[in-house]
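Heads up, structure_39.cif below (mmCIF, C-alpha atoms):
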data_entry
#
loop_
_atom_site.label_atom_id
_atom_site.label_comp_id
_atom_site.auth_asym_id
_atom_site.auth_seq_id
_atom_site.Cartn_x
_atom_site.Cartn_y
_atom_site.Cartn_z
CA MET A 1 149.60 53.73 -49.93
CA PHE A 2 148.46 54.94 -53.37
CA ASP A 3 150.94 55.23 -56.22
CA LEU A 4 149.55 58.63 -57.39
CA SER A 5 148.78 61.86 -55.55
CA ALA A 6 145.10 62.70 -55.02
CA ASN A 7 144.84 66.03 -56.90
CA LEU A 8 147.44 66.17 -59.71
CA ALA A 9 148.05 62.40 -60.06
CA LEU A 10 151.78 62.85 -59.46
CA PRO A 11 153.64 59.52 -59.08
CA TYR A 12 155.05 58.69 -55.67
CA MET A 13 158.51 57.18 -55.20
CA LEU A 14 158.16 53.86 -53.39
CA GLY A 15 160.62 52.69 -50.78
CA SER A 16 161.74 49.58 -52.68
CA GLN A 17 161.65 51.26 -56.08
CA ALA A 18 164.74 51.26 -58.26
CA GLN A 19 165.55 54.20 -60.54
CA LYS A 20 163.68 56.65 -58.35
CA HIS A 21 164.88 59.49 -60.54
CA VAL A 22 162.51 58.35 -63.30
CA THR A 23 159.49 58.73 -61.05
CA HIS A 24 160.80 62.04 -59.75
CA ASN A 25 161.31 63.42 -63.25
CA GLU A 26 157.83 62.28 -64.34
CA ALA A 27 156.29 64.16 -61.43
CA LEU A 28 158.28 67.30 -62.32
CA GLN A 29 157.10 67.00 -65.93
CA ILE A 30 153.45 66.95 -64.84
CA LEU A 31 153.99 69.90 -62.51
CA ASP A 32 155.67 71.82 -65.33
CA ALA A 33 152.63 71.20 -67.51
CA LEU A 34 149.94 72.09 -64.97
CA VAL A 35 151.37 74.97 -62.93
CA GLN A 36 150.42 78.34 -64.54
CA LEU A 37 148.48 76.37 -67.16
CA ALA A 38 148.43 78.15 -70.53
CA VAL A 39 147.30 76.22 -73.62
CA LEU A 40 147.90 77.20 -77.22
CA SER A 41 144.32 76.46 -78.28
CA ARG A 42 141.11 74.70 -77.32
CA SER A 43 139.68 74.45 -80.84
CA GLN A 44 142.43 72.68 -82.83
CA ALA A 45 141.29 69.23 -83.99
CA GLU A 46 144.56 67.89 -85.45
CA PRO A 47 147.96 67.63 -83.77
CA PRO A 48 150.52 70.12 -85.11
CA LEU A 49 153.18 68.71 -87.41
CA ALA A 50 156.12 70.05 -85.42
CA PRO A 51 155.04 70.91 -81.88
CA ALA A 52 157.43 72.66 -79.54
CA GLU A 53 158.59 70.90 -76.41
CA GLY A 54 156.04 71.50 -73.67
CA ALA A 55 153.23 72.55 -76.06
CA ARG A 56 149.80 72.13 -74.46
CA TYR A 57 146.30 71.92 -75.96
CA LEU A 58 142.79 71.44 -74.61
CA LEU A 59 141.30 68.85 -76.91
CA PRO A 60 137.81 69.50 -78.34
CA VAL A 61 135.29 66.93 -79.52
CA GLY A 62 136.22 65.31 -82.84
CA VAL A 63 140.01 65.32 -82.54
CA THR A 64 141.92 63.12 -84.96
CA GLY A 65 145.32 61.58 -85.53
CA ALA A 66 147.43 61.04 -82.43
CA TRP A 67 144.74 62.80 -80.44
CA ALA A 68 141.89 60.50 -81.46
CA GLY A 69 139.79 59.34 -78.52
CA GLN A 70 141.29 61.92 -76.15
CA ALA A 71 138.60 64.65 -76.37
CA GLY A 72 138.29 66.69 -73.18
CA LYS A 73 141.84 65.98 -72.03
CA LEU A 74 144.95 68.14 -71.82
CA ALA A 75 147.52 67.14 -74.47
CA LEU A 76 151.20 67.72 -73.57
CA TRP A 77 154.05 67.28 -76.08
CA SER A 78 157.06 65.98 -74.16
CA ALA A 79 160.05 63.85 -75.12
CA GLN A 80 158.84 63.48 -78.71
CA ALA A 81 155.48 62.03 -77.65
CA TRP A 82 151.99 63.16 -76.68
CA GLN A 83 150.99 62.74 -73.08
CA PHE A 84 147.35 63.11 -72.06
CA LEU A 85 146.28 64.41 -68.64
CA GLU A 86 142.75 64.27 -67.23
CA PRO A 87 141.62 67.76 -66.06
CA ARG A 88 139.58 68.09 -62.89
CA ASP A 89 136.83 70.51 -61.90
CA GLY A 90 138.25 73.78 -60.65
CA TRP A 91 141.31 73.78 -62.89
CA ARG A 92 142.02 77.06 -64.69
CA ALA A 93 143.61 77.50 -68.09
CA PHE A 94 144.52 80.56 -70.14
CA VAL A 95 143.83 80.08 -73.87
CA LEU A 96 146.54 81.96 -75.75
CA ASP A 97 144.92 82.17 -79.21
CA GLU A 98 141.71 83.64 -77.70
CA GLY A 99 143.12 85.66 -74.82
CA VAL A 100 140.57 84.27 -72.35
CA GLU A 101 140.78 82.47 -69.03
CA LEU A 102 138.68 79.34 -68.55
CA VAL A 103 137.65 77.24 -65.59
CA LEU A 104 136.53 73.61 -65.68
CA ALA A 105 133.14 73.04 -64.05
CA GLY A 106 130.98 69.97 -64.50
CA GLY A 107 133.35 68.61 -67.10
CA ALA A 108 133.07 71.70 -69.36
CA TRP A 109 135.47 74.57 -69.88
CA ASP A 110 133.72 77.94 -69.45
CA MET A 111 134.75 81.56 -69.22
CA LEU A 112 135.92 82.50 -65.76
CA PRO A 113 132.94 84.28 -64.15
CA LEU A 114 133.28 87.98 -63.48
CA PRO A 115 133.43 89.14 -59.88
CA GLU A 116 130.18 90.24 -58.25
CA LEU A 117 129.48 93.85 -59.29
CA THR A 118 127.49 94.91 -56.24
CA ASN A 119 128.66 96.81 -53.17
CA LEU A 120 131.88 97.84 -54.88
CA ASP A 121 133.98 100.55 -53.25
CA GLY A 122 133.99 102.43 -56.56
CA VAL A 123 134.36 102.27 -60.32
CA GLY A 124 136.76 104.31 -62.43
CA ILE A 125 136.47 104.24 -66.22
CA ALA A 126 139.62 105.56 -67.87
CA THR A 127 140.33 107.42 -64.62
CA GLY A 128 140.43 106.84 -60.87
CA TYR A 129 137.61 107.14 -58.34
CA ASP A 130 137.86 108.47 -54.80
CA ALA A 131 135.85 108.38 -51.58
CA THR A 132 133.60 111.24 -52.78
CA ASN A 133 133.35 110.42 -56.48
CA ARG A 134 132.71 106.68 -56.26
CA LEU A 135 131.86 106.57 -59.99
CA ALA A 136 134.32 108.42 -62.22
CA VAL A 137 134.31 108.49 -66.03
CA SER A 138 136.84 110.15 -68.33
CA ALA A 139 135.39 110.29 -71.85
CA ASP A 140 134.13 112.62 -74.56
CA ALA A 141 130.55 111.64 -73.78
CA THR A 142 128.48 109.43 -71.50
CA LEU A 143 125.43 107.71 -73.00
CA LEU A 144 122.45 106.59 -70.95
CA SER A 145 119.85 105.09 -73.31
CA HIS A 146 116.41 103.52 -73.04
CA ALA A 147 115.62 99.80 -72.94
CA GLY A 148 112.62 100.06 -75.26
CA ALA A 149 110.63 102.88 -73.64
CA GLY A 150 111.76 105.90 -71.61
CA HIS A 151 114.74 106.55 -69.37
CA GLN A 152 115.14 108.39 -66.04
CA LEU A 153 118.27 109.70 -64.36
CA LYS A 154 117.61 109.73 -60.62
CA VAL A 155 119.48 111.85 -58.07
CA ASN A 156 118.31 111.08 -54.53
CA LYS A 157 119.12 112.84 -51.25
CA ALA A 158 118.68 111.69 -47.67
CA ALA A 159 116.73 114.64 -46.26
CA VAL A 160 115.22 118.03 -47.14
CA GLY A 161 118.28 119.96 -46.01
CA GLU A 162 120.69 117.94 -48.17
CA THR A 163 121.60 118.48 -51.83
CA ALA A 164 120.54 116.62 -54.98
CA SER A 165 121.81 118.52 -58.00
CA LEU A 166 123.80 118.63 -61.20
CA LEU A 167 126.96 120.74 -60.95
CA PHE A 168 128.62 122.13 -64.07
CA GLN A 169 132.32 122.98 -63.73
CA SER A 170 135.04 124.76 -65.70
CA ASN A 171 138.53 123.46 -64.85
CA TRP A 172 137.10 121.91 -61.66
CA SER A 173 135.49 125.20 -60.52
CA GLY A 174 131.70 125.39 -60.29
CA ARG A 175 129.93 127.64 -62.78
CA ALA A 176 126.29 126.48 -62.74
CA GLU A 177 124.15 124.19 -60.61
CA MET A 178 120.58 123.02 -60.89
CA GLY A 179 118.61 120.84 -58.52
CA ILE A 180 117.20 120.81 -55.01
CA ALA A 181 119.85 122.12 -52.63
CA GLY A 182 119.11 122.85 -48.97
CA GLY A 183 115.37 122.46 -49.56
CA ASP A 184 112.85 120.94 -51.93
CA ASP A 185 112.42 123.95 -54.26
CA PHE A 186 114.07 123.44 -57.66
CA ALA A 187 116.68 126.12 -58.31
CA ILE A 188 119.18 127.16 -60.97
CA LYS A 189 122.29 128.99 -59.75
CA THR A 190 125.34 130.44 -61.49
CA SER A 191 128.80 131.57 -60.39
CA ALA A 192 131.65 133.43 -62.06
CA ASP A 193 134.34 132.07 -59.72
CA GLY A 194 132.93 128.98 -58.00
CA ALA A 195 132.68 130.85 -54.68
CA SER A 196 129.94 133.49 -55.04
CA TRP A 197 126.65 132.08 -56.32
CA PHE A 198 123.54 133.80 -57.65
CA GLU A 199 120.14 132.18 -57.87
CA GLY A 200 118.62 132.91 -61.27
CA LEU A 201 115.44 130.85 -60.97
CA ARG A 202 113.59 129.06 -58.18
CA VAL A 203 110.46 126.98 -58.71
CA GLU A 204 108.53 126.46 -55.48
CA ALA A 205 107.80 122.81 -54.77
CA ALA A 206 104.51 123.56 -53.02
CA THR A 207 102.99 125.88 -55.65
CA GLY A 208 104.98 125.51 -58.87
CA ARG A 209 105.43 129.28 -58.88
CA ALA A 210 108.65 130.56 -60.49
CA VAL A 211 110.66 133.22 -58.65
CA MET A 212 113.44 135.20 -60.35
CA ALA A 213 115.27 136.89 -57.50
CA GLN A 214 117.77 138.64 -59.78
CA GLY A 215 115.11 139.96 -62.18
CA ALA A 216 114.48 139.06 -65.80
CA VAL A 217 115.62 140.57 -69.10
CA ILE A 218 113.39 139.77 -72.09
CA GLU A 219 114.68 141.00 -75.43
CA GLY A 220 112.08 139.37 -77.67
CA ALA A 221 108.29 139.35 -77.74
CA LEU A 222 106.50 138.19 -74.60
CA SER A 223 103.20 136.56 -75.40
CA GLY A 224 100.91 133.71 -74.49
CA SER A 225 97.46 133.22 -73.02
CA ALA A 226 98.71 134.25 -69.57
CA ILE A 227 99.92 137.64 -70.92
CA VAL A 228 97.41 138.66 -73.59
CA GLY A 229 93.94 137.15 -73.30
CA THR A 230 90.79 137.34 -71.19
CA VAL A 231 91.85 139.06 -67.98
CA SER A 232 90.80 138.29 -64.43
CA GLN A 233 92.08 139.44 -61.08
CA THR A 234 92.25 135.89 -59.73
CA GLY A 235 93.23 134.06 -62.89
CA GLY A 236 93.56 134.48 -66.63
CA ALA A 237 95.71 136.90 -68.60
CA VAL A 238 97.41 140.18 -67.68
CA ILE A 239 96.18 142.25 -70.66
CA GLU A 240 93.02 141.97 -72.76
CA ARG A 241 92.56 143.91 -75.99
CA GLY A 242 89.50 144.00 -78.24
CA THR A 243 87.45 146.00 -80.72
CA ASN A 244 83.83 146.25 -81.80
CA ALA A 245 81.50 148.74 -83.49
CA SER A 246 81.77 151.11 -80.51
CA GLY A 247 85.56 151.35 -80.61
CA GLU A 248 88.63 149.71 -79.13
CA TYR A 249 89.35 148.77 -75.51
CA VAL A 250 92.25 147.56 -73.37
CA ARG A 251 91.72 145.89 -70.00
CA PHE A 252 94.44 145.29 -67.41
CA ALA A 253 94.38 142.72 -64.63
CA ASP A 254 94.65 145.49 -62.01
CA GLY A 255 91.15 146.66 -63.02
CA THR A 256 92.09 149.54 -65.33
CA GLN A 257 90.19 149.93 -68.62
CA ILE A 258 90.86 152.28 -71.55
CA CYS A 259 88.37 152.80 -74.38
CA THR A 260 88.97 154.82 -77.57
CA GLN A 261 86.95 155.73 -80.66
CA SER A 262 86.73 158.18 -83.54
CA LEU A 263 83.25 159.79 -83.57
CA GLY A 264 81.44 161.81 -86.19
CA LEU A 265 79.40 164.64 -84.55
CA ALA A 266 76.25 165.72 -86.39
CA TYR A 267 73.94 168.78 -86.15
CA ASP A 268 71.72 168.68 -83.07
CA ALA A 269 70.92 172.33 -82.54
CA ASN A 270 72.26 175.64 -83.70
CA TRP A 271 74.53 175.66 -80.65
CA ALA A 272 75.81 172.05 -80.71
CA LEU A 273 76.93 169.09 -82.77
CA LYS A 274 76.36 165.80 -80.90
CA VAL A 275 76.60 162.02 -81.00
CA TYR A 276 76.17 159.37 -78.28
CA TRP A 277 79.14 157.09 -77.63
CA SER A 278 78.33 153.67 -76.19
CA PHE A 279 81.58 152.41 -74.70
CA PRO A 280 82.94 149.21 -76.34
CA GLN A 281 83.08 147.73 -72.81
CA ALA A 282 81.21 149.00 -69.78
CA PHE A 283 82.89 150.54 -66.74
CA VAL A 284 81.83 150.07 -63.12
CA ALA A 285 81.37 153.85 -62.79
CA THR A 286 81.53 156.93 -65.00
CA PRO A 287 85.08 157.05 -66.39
CA ALA A 288 87.36 160.02 -66.98
CA LEU A 289 86.57 161.32 -70.48
CA SER A 290 88.63 163.31 -72.95
CA ILE A 291 87.87 164.57 -76.45
CA ALA A 292 90.09 165.97 -79.22
CA LEU A 293 88.71 167.83 -82.25
CA ASP A 294 90.02 167.03 -85.72
CA ALA A 295 90.23 170.62 -87.00
CA ASP A 296 90.60 169.47 -90.58
CA SER A 297 87.18 167.84 -90.40
CA LEU A 298 85.47 171.23 -89.89
CA ALA A 299 85.95 171.98 -93.56
CA ALA A 300 83.65 169.11 -94.34
CA GLY A 301 80.71 170.92 -92.75
CA SER A 302 78.35 173.09 -94.74
CA ALA A 303 79.19 176.37 -93.07
CA ILE A 304 81.27 176.05 -89.88
CA GLY A 305 84.87 177.08 -89.46
CA ALA A 306 87.34 177.38 -86.60
CA GLY A 307 85.89 180.72 -85.55
CA ALA A 308 82.48 179.19 -85.00
CA VAL A 309 83.71 176.69 -82.39
CA SER A 310 83.79 177.25 -78.62
CA PHE A 311 84.96 173.91 -77.14
CA ALA A 312 84.31 170.16 -77.23
CA GLY A 313 83.21 168.09 -74.26
CA PHE A 314 80.83 165.46 -72.93
CA GLU A 315 77.32 165.41 -71.51
CA GLY A 316 75.30 162.79 -69.67
CA GLY A 317 78.23 160.53 -68.87
CA SER A 318 77.59 157.12 -67.25
CA ALA A 319 79.27 153.74 -66.90
CA ALA A 320 77.85 152.72 -70.28
CA GLY A 321 78.43 155.81 -72.46
CA ALA A 322 78.30 159.61 -72.89
CA TRP A 323 77.29 162.34 -75.35
CA GLY A 324 80.15 163.89 -77.28
CA VAL A 325 79.40 167.57 -77.95
CA LEU A 326 81.01 170.39 -79.95
CA TYR A 327 79.67 173.77 -78.78
CA ALA A 328 79.28 176.85 -81.01
CA ALA A 329 81.04 180.10 -80.12
CA ASN A 330 79.13 183.13 -78.87
CA GLY A 331 77.35 184.87 -81.71
CA ALA A 332 77.74 181.85 -83.97
CA SER A 333 75.40 179.05 -84.77
CA PHE A 334 75.50 175.70 -86.51
CA ALA A 335 73.28 174.81 -89.39
CA ALA A 336 71.78 171.55 -90.57
CA GLY A 337 74.41 169.51 -92.37
CA ASP A 338 77.28 170.74 -90.21
CA SER A 339 79.53 167.94 -88.83
CA CYS A 340 82.98 167.20 -87.52
CA THR A 341 85.18 164.34 -86.32
CA VAL A 342 86.52 163.94 -82.79
CA SER A 343 88.81 161.38 -81.08
CA VAL A 344 87.48 160.28 -77.70
CA THR A 345 89.04 158.41 -74.79
CA ALA A 346 87.55 156.97 -71.59
CA ILE A 347 89.72 155.76 -68.72
CA GLY A 348 88.29 154.04 -65.66
CA ARG A 349 87.86 150.68 -63.99
CA TRP A 350 86.18 147.61 -65.33
CA VAL A 351 86.06 145.92 -61.94
#
Could you render the structure as structure tokens?
Amino acid sequence: MFDLSANLALPYMLGSQAQKHVTHNEALQILDALVQLAVLSRSQAEPPLAPAEGARYLLPVGVTGAWAGQAGKLALWSAQAWQFLEPRDGWRAFVLDEGVELVLAGGAWDMLPLPELTNLDGVGIATGYDATNRLAVSADATLLSHAGAGHQLKVNKAAVGETASLLFQSNWSGRAEMGIAGGDDFAIKTSADGASWFEGLRVEAATGRAVMAQGAVIEGALSGSAIVGTVSQTGGAVIERGTNASGEYVRFADGTQICTQSLGLAYDANWALKVYWSFPQAFVATPALSIALDADSLAAGSAIGAGAVSFAGFEGGSAAGAWGVLYAANGASFAAGDSCTVSVTAIGRWV
């Protein structure tokens, strides 16, 4: 039979031993030192001058004085003397001056490893988690940063009909939600009470087309190449506006075209003042034409006045242009040098 126990090296009382109480007390002293092991330090190299009864230290390399040659052992101050115990792998010790728990492995004291952080039931940071909210954080902000490049926040759902979204709440009542809910189209919804929801924007997954079911209110300027630019009925902008020597034009994506110009009519015959207007952009057919006389411009002529005028109109209209004409009144005639100014408009289709 061995004199010491296998794990803690506690002395056994032998059958023929006298003063068995000495052996018993020695075993109790070792148990008192090792059970709930908490050492004052693991970095102190010199023994304290006045240690308290039961003081314990893990001795580092380079210890001196009464500890010399005992590096790696557990020093116990008992009965006015230092006692040295040999730690074994698997022992745990709490270091009071550091506030850490250590474990002995391979002859070295290391920090107690953290538990495995996979397949946890949940994590609560400054709050509690539940079966639905497995990760719960109570803080002023939550930071997710890059590791040298970009960063993605991924919200995954099991099937098309499920929900993957971000829900914004006020006092635990939903007010806005964005994501893919009940389908794969991206949608933004709002609610005033958390019960009735309105979809403000939906972007179709298949086409990228944006749908605003509730309508849109635009208070500022609306511009961009898709609004004002070169129009087309299958692509391009909605409105095209331009100008050249023949006047100004506006084209709409529905095929409508409007051309305008200010023309100076000159003497053609004693019964008419004329000029040919080539449209700034051609129509597909003869457009609807209108003409307005600038009465003030009649004074610029050599002889004509309001009483000499019958009406203004067009002749020889086509898809490319028309003659603007001011006709003389009955019994009146124009003379060389007579002129006037008219405003003309053509409305038709460009496609």
Exercise for review: Rank nothing, just name the residue among A:Pro48, A:Gly236, A:Gly337, A:Gly324 nearest to A:Tyr267, using all atoms listed in the file.
Suggested key: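 Closest to A:Tyr267, using all atoms listed in the file: A:Gly337.
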Practice item. Please identify all polymer residues within 8 Å of A:Ser43, counting only C-alpha atoms, omitting same-chain residues fewer than 6 positions from it, and present them as JSON, numbers by chain. Key: {"A": [58, 59, 60]}
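In this model, the gap between atom CA of A:Val351 and atom CA of A:Glu248 comes to 17.8 Å.
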Check which residues of stretch 182-294 of chain A sit at most 10 Å from stretch 143-159 of chain A using all atoms listed in the file, and return one row each with the closest pair of atoms and their distance in Å to one decimal, ordered by chain and rising number, as a tab-separated table.
residue	atom	partner	partner_atom	distance
A:Gly182	CA	A:Ala159	CA	9.0
A:Gly183	CA	A:Ala159	CA	8.6
A:Asp184	CA	A:Ala159	CA	9.3
Review point. A:Leu96, A:Leu76, A:Val137, A:Leu114: which is nearest A:Ala38, counting all atoms listed in the file?
Key: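 Looking only at the distances to A:Ala38, the closest residue turns out to be A:Leu96.
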Revision key, fill the gap. Shortest contact to A:Phe314, candidates A:Lys274, A:Asn119, A:Phe283, A:Cys340, atoms counted all atoms listed in the file, goes to A:Lys274
